[in-house]
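*Asks:* Below you'll find final35.cif; it's mmCIF, C-alpha atoms.
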data_run
loop_
_atom_site.label_atom_id
_atom_site.label_comp_id
_atom_site.auth_asym_id
_atom_site.auth_seq_id
_atom_site.Cartn_x
_atom_site.Cartn_y
_atom_site.Cartn_z
CA MET A 5 21.99 -5.41 24.67
CA ARG A 6 23.50 -7.70 22.02
CA ILE A 7 21.49 -7.83 18.80
CA THR A 8 21.99 -10.46 16.13
CA VAL A 9 20.43 -10.18 12.68
CA GLU A 10 19.83 -12.96 10.18
CA ARG A 11 18.47 -12.88 6.65
CA LEU A 12 15.37 -15.01 6.26
CA ALA A 13 14.25 -17.32 3.50
CA ARG A 14 10.51 -17.81 3.21
CA PRO A 15 9.90 -19.80 6.39
CA ARG A 16 8.46 -23.28 6.58
CA ASP A 17 9.29 -23.85 10.24
CA PRO A 18 6.07 -23.36 12.24
CA GLN A 19 7.99 -21.90 15.18
CA LEU A 20 9.61 -19.19 13.04
CA ILE A 21 6.28 -18.39 11.41
CA ASP A 22 4.71 -18.04 14.86
CA GLU A 23 7.55 -15.74 15.95
CA LEU A 24 7.07 -13.46 12.95
CA VAL A 25 3.32 -13.31 13.50
CA GLU A 26 3.74 -12.56 17.20
CA LEU A 27 6.26 -9.81 16.46
CA ARG A 28 3.94 -8.10 13.98
CA ARG A 29 1.01 -8.46 16.38
CA ALA A 30 3.06 -6.91 19.20
CA VAL A 31 3.78 -3.89 16.99
CA ALA A 32 0.11 -3.69 16.03
CA THR A 33 -0.97 -3.55 19.67
CA VAL A 34 0.61 -0.08 19.72
CA LEU A 35 -0.17 1.16 16.21
CA GLU A 36 -3.53 -0.52 15.52
CA PRO A 37 -4.86 -2.03 18.76
CA ASP A 38 -8.45 -2.32 17.51
CA ASP A 39 -7.67 -4.24 14.31
CA PRO A 40 -8.24 -7.98 14.02
CA PRO A 41 -4.88 -9.70 14.51
CA ILE A 42 -2.89 -10.51 11.40
CA GLY A 43 -2.25 -14.18 10.67
CA PRO A 44 0.36 -16.14 8.73
CA ALA A 45 -1.65 -16.40 5.51
CA GLU A 46 -1.50 -12.61 5.15
CA LEU A 47 1.83 -11.81 6.80
CA ILE A 48 4.21 -14.35 5.27
CA PRO A 49 3.42 -13.58 1.61
CA ASP A 50 3.55 -9.85 2.37
CA LEU A 51 7.11 -10.27 3.66
CA PHE A 52 8.47 -12.51 0.92
CA VAL A 53 6.54 -12.07 -2.34
CA ASP A 54 8.34 -9.88 -4.89
CA ARG A 55 6.39 -6.97 -6.36
CA PRO A 56 6.34 -5.93 -10.03
CA GLU A 57 9.81 -4.63 -10.91
CA GLN A 58 10.87 -5.02 -7.25
CA SER A 59 12.83 -7.75 -5.45
CA ARG A 60 12.29 -8.12 -1.71
CA ALA A 61 14.17 -9.66 1.20
CA ALA A 62 13.68 -9.79 4.98
CA TRP A 63 15.95 -9.83 8.05
CA LEU A 64 15.06 -10.71 11.64
CA ALA A 65 16.77 -9.21 14.70
CA ARG A 66 17.04 -11.18 17.93
CA SER A 67 18.17 -10.43 21.45
CA ALA A 68 18.71 -13.32 23.85
CA GLU A 69 17.06 -15.53 21.20
CA ARG A 70 13.91 -13.42 21.30
CA PRO A 71 12.71 -11.71 18.06
CA VAL A 72 12.91 -7.95 18.59
CA GLY A 73 12.76 -6.49 15.09
CA LEU A 74 12.16 -7.13 11.41
CA ILE A 75 13.09 -5.27 8.24
CA VAL A 76 11.76 -5.88 4.75
CA ALA A 77 13.67 -4.21 1.92
CA GLY A 78 12.46 -3.89 -1.64
CA VAL A 79 14.67 -2.75 -4.52
CA ASN A 80 13.37 -1.80 -7.94
CA VAL A 81 15.56 -3.72 -10.33
CA GLU A 82 14.01 -2.60 -13.63
CA GLY A 83 11.79 0.08 -15.10
CA ALA A 84 11.91 3.86 -14.80
CA ASN A 85 12.69 3.66 -11.07
CA ALA A 86 15.48 1.10 -11.11
CA GLY A 87 17.62 1.81 -8.06
CA TYR A 88 14.74 3.13 -5.96
CA SER A 89 14.27 1.11 -2.77
CA GLU A 90 11.99 0.99 0.24
CA VAL A 91 12.27 -0.42 3.75
CA GLU A 92 9.60 -1.39 6.26
CA VAL A 93 10.77 -1.80 9.84
CA ASP A 94 8.96 -3.37 12.79
CA VAL A 95 10.46 -3.14 16.28
CA HIS A 96 8.95 -4.84 19.32
CA PRO A 97 7.45 -2.19 21.66
CA ASP A 98 9.71 -3.38 24.50
CA HIS A 99 12.84 -2.60 22.45
CA LEU A 100 12.18 0.77 20.84
CA ALA A 101 15.18 2.39 22.52
CA ASP A 102 17.65 -0.43 21.95
CA GLY A 103 19.07 0.51 18.54
CA VAL A 104 17.25 -2.21 16.64
CA GLU A 105 16.48 -0.04 13.58
CA PRO A 106 20.09 0.84 12.67
CA ALA A 107 21.16 -2.77 13.24
CA LEU A 108 18.52 -3.95 10.78
CA VAL A 109 19.29 -1.28 8.18
CA ARG A 110 23.02 -2.03 8.45
CA GLU A 111 22.44 -5.70 7.65
CA ALA A 112 20.09 -4.99 4.73
CA LEU A 113 22.33 -2.43 3.00
CA PRO A 114 24.83 -4.80 1.33
CA TRP A 115 22.00 -6.74 -0.34
CA MET A 116 20.33 -3.50 -1.44
CA CYS A 117 23.59 -2.19 -2.90
CA GLN A 118 24.17 -5.47 -4.69
CA LEU A 119 20.83 -4.99 -6.46
CA GLY A 120 21.76 -1.44 -7.50
CA ALA A 121 19.87 0.57 -4.90
CA ARG A 122 20.76 4.27 -4.99
CA THR A 123 18.07 5.76 -2.73
CA VAL A 124 15.96 4.36 0.09
CA ALA A 125 12.51 5.50 1.27
CA ALA A 126 10.39 4.64 4.31
CA TRP A 127 6.98 5.63 5.65
CA PRO A 128 7.32 5.66 9.44
CA ALA A 129 4.50 6.39 11.82
CA VAL A 130 4.93 9.19 14.34
CA GLU A 131 6.55 6.83 16.84
CA GLN A 132 9.26 5.80 14.36
CA ARG A 133 10.32 9.14 12.89
CA GLY A 134 13.24 9.70 15.23
CA ALA A 135 14.78 6.33 14.46
CA PHE A 136 14.77 6.99 10.72
CA GLU A 137 16.11 10.52 11.14
CA ALA A 138 18.93 9.08 13.24
CA VAL A 139 20.17 6.94 10.35
CA GLY A 140 20.09 9.84 7.88
CA LEU A 141 16.68 9.80 6.19
CA THR A 142 15.01 13.19 5.73
CA PHE A 143 11.35 14.20 5.55
CA ARG A 144 9.85 14.30 2.04
CA GLN A 145 6.04 14.13 2.30
CA GLU A 146 3.20 13.93 4.80
CA GLU A 147 0.63 11.22 4.19
CA ARG A 148 -2.72 10.69 5.85
CA CYS A 149 -4.09 7.27 6.66
CA SER A 150 -7.88 7.57 6.74
CA ARG A 151 -10.52 5.04 7.67
CA ALA A 152 -14.24 4.72 7.08
CA ASP A 153 -16.65 2.69 9.21
CA VAL A 154 -18.57 0.93 6.46
CA GLY A 155 -21.73 0.66 8.54
CA GLU A 156 -21.80 4.42 9.11
CA ILE A 157 -21.40 5.51 5.48
CA ASP A 158 -24.51 7.34 4.31
CA ALA A 159 -26.42 4.96 2.02
CA ALA A 160 -28.30 7.85 0.45
CA LEU A 161 -25.01 9.53 -0.42
CA LEU A 162 -23.79 6.35 -2.13
CA ASP A 163 -27.07 6.22 -4.09
CA GLU A 164 -26.53 9.82 -5.17
CA TRP A 165 -22.97 9.19 -6.32
CA ILE A 166 -23.92 5.97 -8.11
CA ALA A 167 -26.74 7.73 -9.92
CA ALA A 168 -24.02 9.86 -11.58
CA PRO A 169 -26.43 11.81 -13.82
CA ARG A 170 -23.77 13.91 -15.58
CA ALA A 171 -21.52 10.95 -16.27
CA ARG A 172 -24.29 8.64 -17.44
CA ALA A 173 -25.74 11.34 -19.67
CA ALA A 174 -22.34 11.69 -21.29
CA GLY A 175 -22.25 7.96 -22.03
CA TYR A 176 -19.85 6.74 -19.35
CA ARG A 177 -20.25 3.23 -17.94
CA ILE A 178 -18.52 1.16 -15.26
CA GLU A 179 -17.08 -2.33 -15.65
CA THR A 180 -16.30 -4.37 -12.52
CA TRP A 181 -14.72 -7.76 -11.88
CA ALA A 182 -13.07 -9.78 -9.12
CA GLY A 183 -9.51 -11.03 -9.50
CA PRO A 184 -7.22 -10.50 -12.50
CA CYS A 185 -8.29 -8.03 -15.16
CA PRO A 186 -10.18 -9.64 -18.07
CA GLU A 187 -8.03 -9.65 -21.19
CA HIS A 188 -10.45 -7.52 -23.20
CA LEU A 189 -10.09 -4.73 -20.62
CA VAL A 190 -6.36 -4.94 -19.86
CA ASP A 191 -5.24 -2.19 -22.23
CA GLU A 192 -7.85 0.31 -21.02
CA TYR A 193 -7.25 -0.59 -17.37
CA ALA A 194 -3.55 0.15 -17.92
CA VAL A 195 -4.41 3.58 -19.34
CA ALA A 196 -6.67 4.33 -16.38
CA ARG A 197 -4.05 3.25 -13.84
CA SER A 198 -1.48 5.44 -15.57
CA ALA A 199 -3.57 8.46 -14.57
CA MET A 200 -1.99 8.10 -11.11
CA ALA A 201 1.14 9.65 -12.63
CA ASP A 202 0.10 13.16 -11.61
CA ALA A 203 -0.62 12.29 -7.98
CA PRO A 204 1.53 14.60 -5.81
CA LEU A 205 4.86 13.19 -4.65
CA ASP A 206 6.19 16.41 -3.09
CA ASP A 207 9.91 15.82 -2.49
CA ILE A 208 10.01 12.04 -2.94
CA ASP A 209 12.63 10.96 -5.47
CA PHE A 210 10.45 8.75 -7.67
CA VAL A 211 9.54 8.91 -11.35
CA PRO A 212 5.81 8.50 -12.14
CA ALA A 213 5.72 6.04 -15.02
CA ALA A 214 2.99 4.96 -17.41
CA ILE A 215 1.59 1.48 -16.82
CA ASP A 216 1.25 -0.93 -19.73
CA SER A 217 -0.73 -4.16 -20.11
CA GLU A 218 2.22 -6.31 -19.00
CA ARG A 219 2.53 -4.30 -15.79
CA VAL A 220 -1.20 -4.84 -15.16
CA ARG A 221 -0.76 -8.60 -15.54
CA ALA A 222 2.30 -8.59 -13.27
CA SER A 223 0.45 -6.57 -10.65
CA ASP A 224 -2.53 -8.93 -10.76
CA ALA A 225 -0.22 -11.93 -10.37
CA SER A 226 1.43 -10.28 -7.36
CA ILE A 227 -1.94 -9.57 -5.73
CA GLU A 228 -2.95 -13.21 -6.21
CA ALA A 229 0.36 -14.40 -4.72
CA LEU A 230 -0.23 -12.16 -1.72
CA GLY A 231 -3.60 -13.84 -1.21
CA TYR A 232 -5.82 -10.78 -1.60
CA LEU A 233 -9.22 -10.64 -3.24
CA SER A 234 -8.91 -7.88 -5.84
CA LEU A 235 -12.03 -5.77 -6.51
CA PRO A 236 -11.36 -3.28 -9.32
CA ALA A 237 -13.71 -0.98 -11.21
CA LEU A 238 -13.03 0.69 -14.55
CA VAL A 239 -15.03 3.54 -16.05
CA LEU A 240 -15.16 3.79 -19.85
CA ASP A 241 -16.42 6.61 -22.05
CA ILE A 242 -19.00 6.31 -24.79
CA GLU A 243 -16.31 5.13 -27.22
CA GLY A 244 -15.02 2.47 -24.80
CA ALA A 245 -11.86 4.37 -23.89
CA ALA A 246 -10.51 4.38 -20.33
CA ALA A 247 -11.66 7.28 -18.16
CA GLY A 248 -10.81 6.14 -14.63
CA MET A 249 -10.35 3.28 -12.19
CA THR A 250 -10.38 2.27 -8.56
CA LEU A 251 -9.16 -0.80 -6.67
CA LEU A 252 -10.13 -2.31 -3.31
CA LEU A 253 -8.28 -5.25 -1.75
CA VAL A 254 -9.55 -7.59 0.98
CA HIS A 255 -7.64 -10.48 2.52
CA PRO A 256 -9.81 -13.52 3.40
CA GLU A 257 -7.90 -13.98 6.65
CA ARG A 258 -9.09 -10.52 7.81
CA PRO A 259 -12.19 -9.74 5.72
CA GLN A 260 -13.25 -7.07 8.21
CA LEU A 261 -10.50 -4.74 6.92
CA GLY A 262 -10.51 -3.44 3.34
CA HIS A 263 -7.63 -1.63 1.68
CA GLN A 264 -8.61 1.12 -0.74
CA GLU A 265 -5.78 1.31 -3.24
CA ASP A 266 -5.47 3.65 -6.24
CA THR A 267 -8.33 5.74 -7.53
CA ALA A 268 -7.52 7.73 -10.67
CA VAL A 269 -9.37 9.66 -13.36
CA VAL A 270 -7.78 10.31 -16.76
CA PRO A 271 -7.21 14.09 -17.04
CA ALA A 272 -9.36 14.50 -20.17
CA HIS A 273 -12.33 13.01 -18.31
CA ARG A 274 -12.22 15.00 -15.09
CA GLY A 275 -15.18 17.15 -14.11
CA HIS A 276 -17.86 14.43 -14.38
CA ALA A 277 -17.63 13.20 -10.74
CA LEU A 278 -16.24 9.90 -12.00
CA GLY A 279 -14.07 9.39 -8.91
CA ARG A 280 -17.09 9.55 -6.63
CA TRP A 281 -19.09 7.20 -8.84
CA LEU A 282 -16.24 4.69 -8.98
CA LYS A 283 -15.62 4.64 -5.23
CA ALA A 284 -19.31 4.40 -4.32
CA GLU A 285 -20.07 1.70 -6.89
CA ASN A 286 -17.06 -0.35 -5.88
CA LEU A 287 -17.73 -0.08 -2.15
CA ARG A 288 -21.34 -1.20 -2.59
CA ARG A 289 -20.17 -4.19 -4.62
CA ALA A 290 -17.48 -5.02 -2.05
CA ARG A 291 -20.05 -5.07 0.73
CA SER A 292 -22.18 -7.53 -1.21
CA LEU A 293 -19.22 -9.82 -1.97
CA VAL A 294 -17.57 -9.51 1.46
CA PRO A 295 -20.37 -9.08 4.03
CA GLU A 296 -17.82 -9.09 6.89
CA LEU A 297 -16.25 -5.87 5.59
CA ALA A 298 -16.41 -3.34 8.43
CA VAL A 299 -13.61 -0.81 7.90
CA VAL A 300 -11.92 0.52 4.79
CA GLU A 301 -8.48 2.10 5.03
CA THR A 302 -6.84 4.40 2.49
CA TYR A 303 -3.72 6.57 2.18
CA ASN A 304 -3.45 9.99 0.56
CA ALA A 305 -0.77 12.63 0.35
CA ALA A 306 -1.68 15.60 2.53
CA SER A 307 -0.96 17.73 -0.57
CA ASN A 308 -3.77 16.03 -2.54
CA PRO A 309 -6.88 18.01 -1.53
CA TRP A 310 -8.94 16.64 -4.42
CA MET A 311 -8.88 12.99 -3.37
CA LEU A 312 -8.96 13.91 0.32
CA SER A 313 -12.16 15.85 -0.35
CA ILE A 314 -13.83 12.85 -1.99
CA ASN A 315 -12.79 10.60 0.89
CA VAL A 316 -13.96 13.03 3.57
CA ASP A 317 -17.30 13.50 1.82
CA MET A 318 -17.70 9.73 1.61
CA GLY A 319 -17.15 9.28 5.34
CA PHE A 320 -13.42 8.67 5.72
CA ARG A 321 -11.85 10.27 8.77
CA PRO A 322 -8.18 10.83 9.68
CA HIS A 323 -6.80 7.75 11.42
CA ARG A 324 -3.02 8.17 11.60
CA PRO A 325 -0.41 10.40 9.96
CA TYR A 326 2.54 8.85 8.18
CA TYR A 327 5.65 10.58 6.86
CA ALA A 328 7.70 9.77 3.80
CA TYR A 329 11.42 9.81 4.53
CA GLN A 330 14.18 9.24 2.01
CA ALA A 331 17.95 9.43 1.55
CA ASN A 332 20.64 8.42 -0.88
CA LEU A 333 22.28 5.24 0.31
CA ASP A 334 25.63 7.04 0.50
CA ASP A 335 24.18 9.45 3.07
CA LEU A 336 23.01 6.83 5.57
CA THR A 337 24.76 6.69 8.96
CA VAL A 338 24.28 3.23 10.48
CA ASP A 339 27.75 2.43 11.90
#
For the structure just supplied, provide its representation as structure tokens.

*Replies:*
Amino acid sequence: MRITVERLARPRDPQLIDELVELRRAVATVLEPDDPPIGPAELIPDLFVDRPEQSRAAWLARSAERPVGLIVAGVNVEGANAGYSEVEVDVHPDHLADGVEPALVREALPWMCQLGARTVAAWPAVEQRGAFEAVGLTFRQEERCSRADVGEIDAALLDEWIAAPRARAAGYRIETWAGPCPEHLVDEYAVARSAMADAPLDDIDFVPAAIDSERVRASDASIEALGYLSLPALVLDIEGAAAGMTLLLVHPERPQLGHQEDTAVVPAHRGHALGRWLKAENLRRARSLVPELAVVETYNAASNPWMLSINVDMGFRPHRPYYAYQANLDDLTVD
């Protein structure tokens, strides 16, 4: 089978947009058959919007003029992890054995090298592991995708966590907002987000770096460009200093599916059940703002029993395993 690969600019042609959407939906029929189908308002920005410190590009593979695969590569071009890169690969279910993955990686590599990439990481599902191993990536970490049915979460449990008697007695309070972080909270939100630095990475070659106020603003701008509604919560101590944070994202094109992003508690403030309070408070607020919300998805390293415990207690259940793979670019075998 002859495969051709072309680099894509952000598409304006309705036919190409439809092809990209149909390709992603075909992949989702295998990986996530029960999810509402993704649409162009969510997919196209996800493929082409740069992330903070990271430039992105996409390539489309075709066979007999039919789209059969897609790769999105992101290369960190500044910051503590300059040279770190990631790839996301979609292959049409009818072409999983046709060598689409190496063809896509081969075409993306020159661009990645031009931007200074030194190492590349990917998070394949079970079905994709063999393809990534074949091009030289090696296993680095197991990650669990968990989901919670919002309608089945115990309301009494949320009430108990929101009551937070120990935390409230110690003077903690929660600030919430929708969209970009208010300027008067940016510095403390940055401190709280930096508490993610001690989340386990196992053998992934990545440097946990502190987040400053400019990174918060850049992240908020990226979330807006991607089209997501951002629902953060920040817990402050009695002096107004950051103690923890959580973030939930919902896309208006698929409001049924929420994405639980980082939850972090500053080390000096652990032991007050702040993580539980944050997650419960933020979920209750999300349900009031997005009544269509039905499922919340989150990802955790299998080596992080503390956050897994909170999620399990809240009602999250294992959905799919994912596996971090990584290799130095010099060690890839795609010829």

*Asks:* Evaluate the PyMOL selection byres ((chain A and resi 155) around 12) on the structure here and hand back the selected residues as a PyMOL selection string.

*Replies:* chain A and resi 152-154+156-159+260+287-288+291+295-300+319-320

*Asks:* Using all atoms listed in the file, which residue out of A:Gly275, A:Gly120, A:Gly43, A:Pro236 lies closest to Val81 in chain A?

*Replies:*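 Between A:Gly275, A:Gly120, A:Gly43, A:Pro236, the residue approaching Val81 in chain A most closely is A:Gly120.
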
*Asks:* Find the residue from A:Ala32, A:Ala61, A:Pro37, A:Val104 that sits nearest to Ala13 in chain A; use all atoms listed in the file when measuring.

*Replies:*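 Using all atoms listed in the file, the shortest distance to Ala13 in chain A belongs to A:Ala61.
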
*Asks:* Once the PyMOL selection byres ((chain A and resi 162) around 9) has been evaluated on this model, what residues remain selected, and can you format them as a ChimeraX atom specification?

*Replies:* /A:157-161,163-167,280-281,283-285,287-288,318

*Asks:* So, with only C-alpha atoms as the atoms that count, which of A:Tyr326, A:Tyr303, A:Trp181, A:Phe210 lies closest to Val124 in chain A?

*Replies:* A:Phe210

*Asks:* So, counting all atoms listed in the file, which residue among A:Leu141, A:Ala121, A:Ala84, A:Ala173 is closest to Val211 in chain A?

*Replies:*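 When distances to Val211 in chain A are compared using all atoms listed in the file, the smallest one comes from A:Ala84.
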
*Asks:* Select, from A:Leu35, A:Ala196, A:Ala225, A:Ile48, the residue with the minimum atom-to-atom distance to Ala245 in chain A, counting only C-alpha atoms.

*Replies:*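 Under the stated criterion, the closest residue is A:Ala196.
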
*Asks:* Tell me which of A:Thr33, A:Val220, A:Asp38, A:Thr302 sits closest to Asp98 in chain A, counting all atoms listed in the file.

*Replies:*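 The closest residue to Asp98 in chain A is A:Thr33.
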
*Asks:* When you look at range 270-274 of chain A with a cut-off of 8 Å (counting all atoms listed in the file), what residues show up, excluding the ones that are within fewer than 3 positions of it in the same chain? I need them as a PyMOL selection string.

*Replies:* chain A and resi 195-196+199+246-248+277-278

*Asks:* Identify, on the basis of all atoms listed in the file, every residue whose closest approach to Glu187 in chain A does not exceed 12 Å; exclude the query and any residue fewer than 2 positions from it along the same chain; express the result as a ChimeraX atom specification.

*Replies:* /A:181,183-185,189-194,217-218,220-221,224

*Asks:* Separation of CA of His99 in chain A and CA of Pro18 in chain A, in Å?

*Replies:*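 We find that CA of His99 in chain A and CA of Pro18 in chain A lie 24.1 Å from each other.
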
*Asks:* Identify, on the basis of all atoms listed in the file, every residue whose closest approach to Glu92 in chain A does not exceed 10 Å; exclude the query and any residue fewer than 2 positions from it along the same chain; express the result as a tab-separated table (two decimals) with C-alpha atoms, in the coordinates of the input.

*Replies:*
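Once written, out37.tsv looks like this:
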chain	number	residue	atom	x	y	z
A	51	LEU	CA	7.11	-10.27	3.66
A	62	ALA	CA	13.68	-9.79	4.98
A	74	LEU	CA	12.16	-7.13	11.41
A	75	ILE	CA	13.09	-5.27	8.24
A	76	VAL	CA	11.76	-5.88	4.75
A	77	ALA	CA	13.67	-4.21	1.92
A	78	GLY	CA	12.46	-3.89	-1.64
A	90	GLU	CA	11.99	0.99	0.24
A	94	ASP	CA	8.96	-3.37	12.79
A	109	VAL	CA	19.29	-1.28	8.18
A	125	ALA	CA	12.51	5.50	1.27
A	126	ALA	CA	10.39	4.64	4.31
A	127	TRP	CA	6.98	5.63	5.65
A	128	PRO	CA	7.32	5.66	9.44

*Asks:* Find the residues near Tyr176 in chain A: any atom within 6 Å, counting only C-alpha atoms, skip ones fewer than 6 places away on the same chain, and give them as a list of chain:residue names.

*Replies:*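 Listing them by chain and then by number gives A:Leu240, A:Asp241, A:Ile242.
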
*Asks:* May I have the residues within 6 Å of range 250-258 of chain A as a list in words, using all atoms listed in the file and disregarding those fewer than 5 positions away in the same chain?

*Replies:*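 Within the cut-off, the hits are Tyr232, Leu233, Ser234, Leu235, Pro236, Ala237, His263, Gln264, Glu265, Asp266 and Thr267 of chain A.
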
*Asks:* Could range 110-131 of chain A be completed with N, CA and C atoms and written as a PDB file, in the coordinates of the input, please?

*Replies:*
ATOM      1  N   ARG A 110      21.624  -1.707   8.737  1.00  0.00           N
ATOM      2  CA  ARG A 110      23.020  -2.030   8.450  1.00  0.00           C
ATOM      3  C   ARG A 110      23.144  -3.406   7.774  1.00  0.00           C
ATOM      4  N   GLU A 111      22.352  -4.360   8.227  1.00  0.00           N
ATOM      5  CA  GLU A 111      22.440  -5.700   7.650  1.00  0.00           C
ATOM      6  C   GLU A 111      21.794  -5.767   6.263  1.00  0.00           C
ATOM      7  N   ALA A 112      20.778  -4.947   6.023  1.00  0.00           N
ATOM      8  CA  ALA A 112      20.090  -4.990   4.730  1.00  0.00           C
ATOM      9  C   ALA A 112      20.850  -4.264   3.633  1.00  0.00           C
ATOM     10  N   LEU A 113      21.684  -3.293   4.003  1.00  0.00           N
ATOM     11  CA  LEU A 113      22.330  -2.430   3.000  1.00  0.00           C
ATOM     12  C   LEU A 113      23.182  -3.170   1.969  1.00  0.00           C
ATOM     13  N   PRO A 114      24.020  -4.144   2.357  1.00  0.00           N
ATOM     14  CA  PRO A 114      24.830  -4.800   1.330  1.00  0.00           C
ATOM     15  C   PRO A 114      23.983  -5.468   0.248  1.00  0.00           C
ATOM     16  N   TRP A 115      22.894  -6.116   0.654  1.00  0.00           N
ATOM     17  CA  TRP A 115      22.000  -6.740  -0.340  1.00  0.00           C
ATOM     18  C   TRP A 115      21.371  -5.690  -1.234  1.00  0.00           C
ATOM     19  N   MET A 116      20.945  -4.572  -0.649  1.00  0.00           N
ATOM     20  CA  MET A 116      20.330  -3.500  -1.440  1.00  0.00           C
ATOM     21  C   MET A 116      21.325  -2.927  -2.444  1.00  0.00           C
ATOM     22  N   CYS A 117      22.562  -2.711  -1.993  1.00  0.00           N
ATOM     23  CA  CYS A 117      23.590  -2.190  -2.900  1.00  0.00           C
ATOM     24  C   CYS A 117      23.892  -3.175  -4.019  1.00  0.00           C
ATOM     25  N   GLN A 118      23.901  -4.446  -3.688  1.00  0.00           N
ATOM     26  CA  GLN A 118      24.170  -5.470  -4.690  1.00  0.00           C
ATOM     27  C   GLN A 118      23.126  -5.434  -5.808  1.00  0.00           C
ATOM     28  N   LEU A 119      21.898  -5.064  -5.467  1.00  0.00           N
ATOM     29  CA  LEU A 119      20.830  -4.990  -6.460  1.00  0.00           C
ATOM     30  C   LEU A 119      20.756  -3.613  -7.127  1.00  0.00           C
ATOM     31  N   GLY A 120      21.700  -2.730  -6.822  1.00  0.00           N
ATOM     32  CA  GLY A 120      21.760  -1.440  -7.500  1.00  0.00           C
ATOM     33  C   GLY A 120      20.990  -0.331  -6.844  1.00  0.00           C
ATOM     34  N   ALA A 121      20.618  -0.489  -5.572  1.00  0.00           N
ATOM     35  CA  ALA A 121      19.870   0.570  -4.900  1.00  0.00           C
ATOM     36  C   ALA A 121      20.706   1.838  -4.817  1.00  0.00           C
ATOM     37  N   ARG A 122      20.070   2.979  -5.095  1.00  0.00           N
ATOM     38  CA  ARG A 122      20.760   4.270  -4.990  1.00  0.00           C
ATOM     39  C   ARG A 122      20.092   5.171  -3.962  1.00  0.00           C
ATOM     40  N   THR A 123      18.807   4.945  -3.703  1.00  0.00           N
ATOM     41  CA  THR A 123      18.070   5.760  -2.730  1.00  0.00           C
ATOM     42  C   THR A 123      17.103   4.858  -1.994  1.00  0.00           C
ATOM     43  N   VAL A 124      16.845   5.188  -0.728  1.00  0.00           N
ATOM     44  CA  VAL A 124      15.960   4.360   0.090  1.00  0.00           C
ATOM     45  C   VAL A 124      14.897   5.250   0.730  1.00  0.00           C
ATOM     46  N   ALA A 125      13.646   4.765   0.705  1.00  0.00           N
ATOM     47  CA  ALA A 125      12.510   5.500   1.270  1.00  0.00           C
ATOM     48  C   ALA A 125      11.821   4.646   2.329  1.00  0.00           C
ATOM     49  N   ALA A 126      11.164   5.319   3.262  1.00  0.00           N
ATOM     50  CA  ALA A 126      10.390   4.640   4.310  1.00  0.00           C
ATOM     51  C   ALA A 126       9.226   5.532   4.688  1.00  0.00           C
ATOM     52  N   TRP A 127       8.171   4.893   5.225  1.00  0.00           N
ATOM     53  CA  TRP A 127       6.980   5.630   5.650  1.00  0.00           C
ATOM     54  C   TRP A 127       6.722   5.345   7.132  1.00  0.00           C
ATOM     55  N   PRO A 128       7.506   5.933   8.018  1.00  0.00           N
ATOM     56  CA  PRO A 128       7.320   5.660   9.440  1.00  0.00           C
ATOM     57  C   PRO A 128       6.084   6.358  10.014  1.00  0.00           C
ATOM     58  N   ALA A 129       5.507   5.723  11.016  1.00  0.00           N
ATOM     59  CA  ALA A 129       4.500   6.390  11.820  1.00  0.00           C
ATOM     60  C   ALA A 129       5.188   7.386  12.752  1.00  0.00           C
ATOM     61  N   VAL A 130       4.380   8.149  13.474  1.00  0.00           N
ATOM     62  CA  VAL A 130       4.930   9.190  14.340  1.00  0.00           C
ATOM     63  C   VAL A 130       5.978   8.606  15.287  1.00  0.00           C
ATOM     64  N   GLU A 131       5.679   7.424  15.848  1.00  0.00           N
ATOM     65  CA  GLU A 131       6.550   6.830  16.840  1.00  0.00           C
ATOM     66  C   GLU A 131       7.917   6.431  16.280  1.00  0.00           C
TER      67      GLU A 131
END
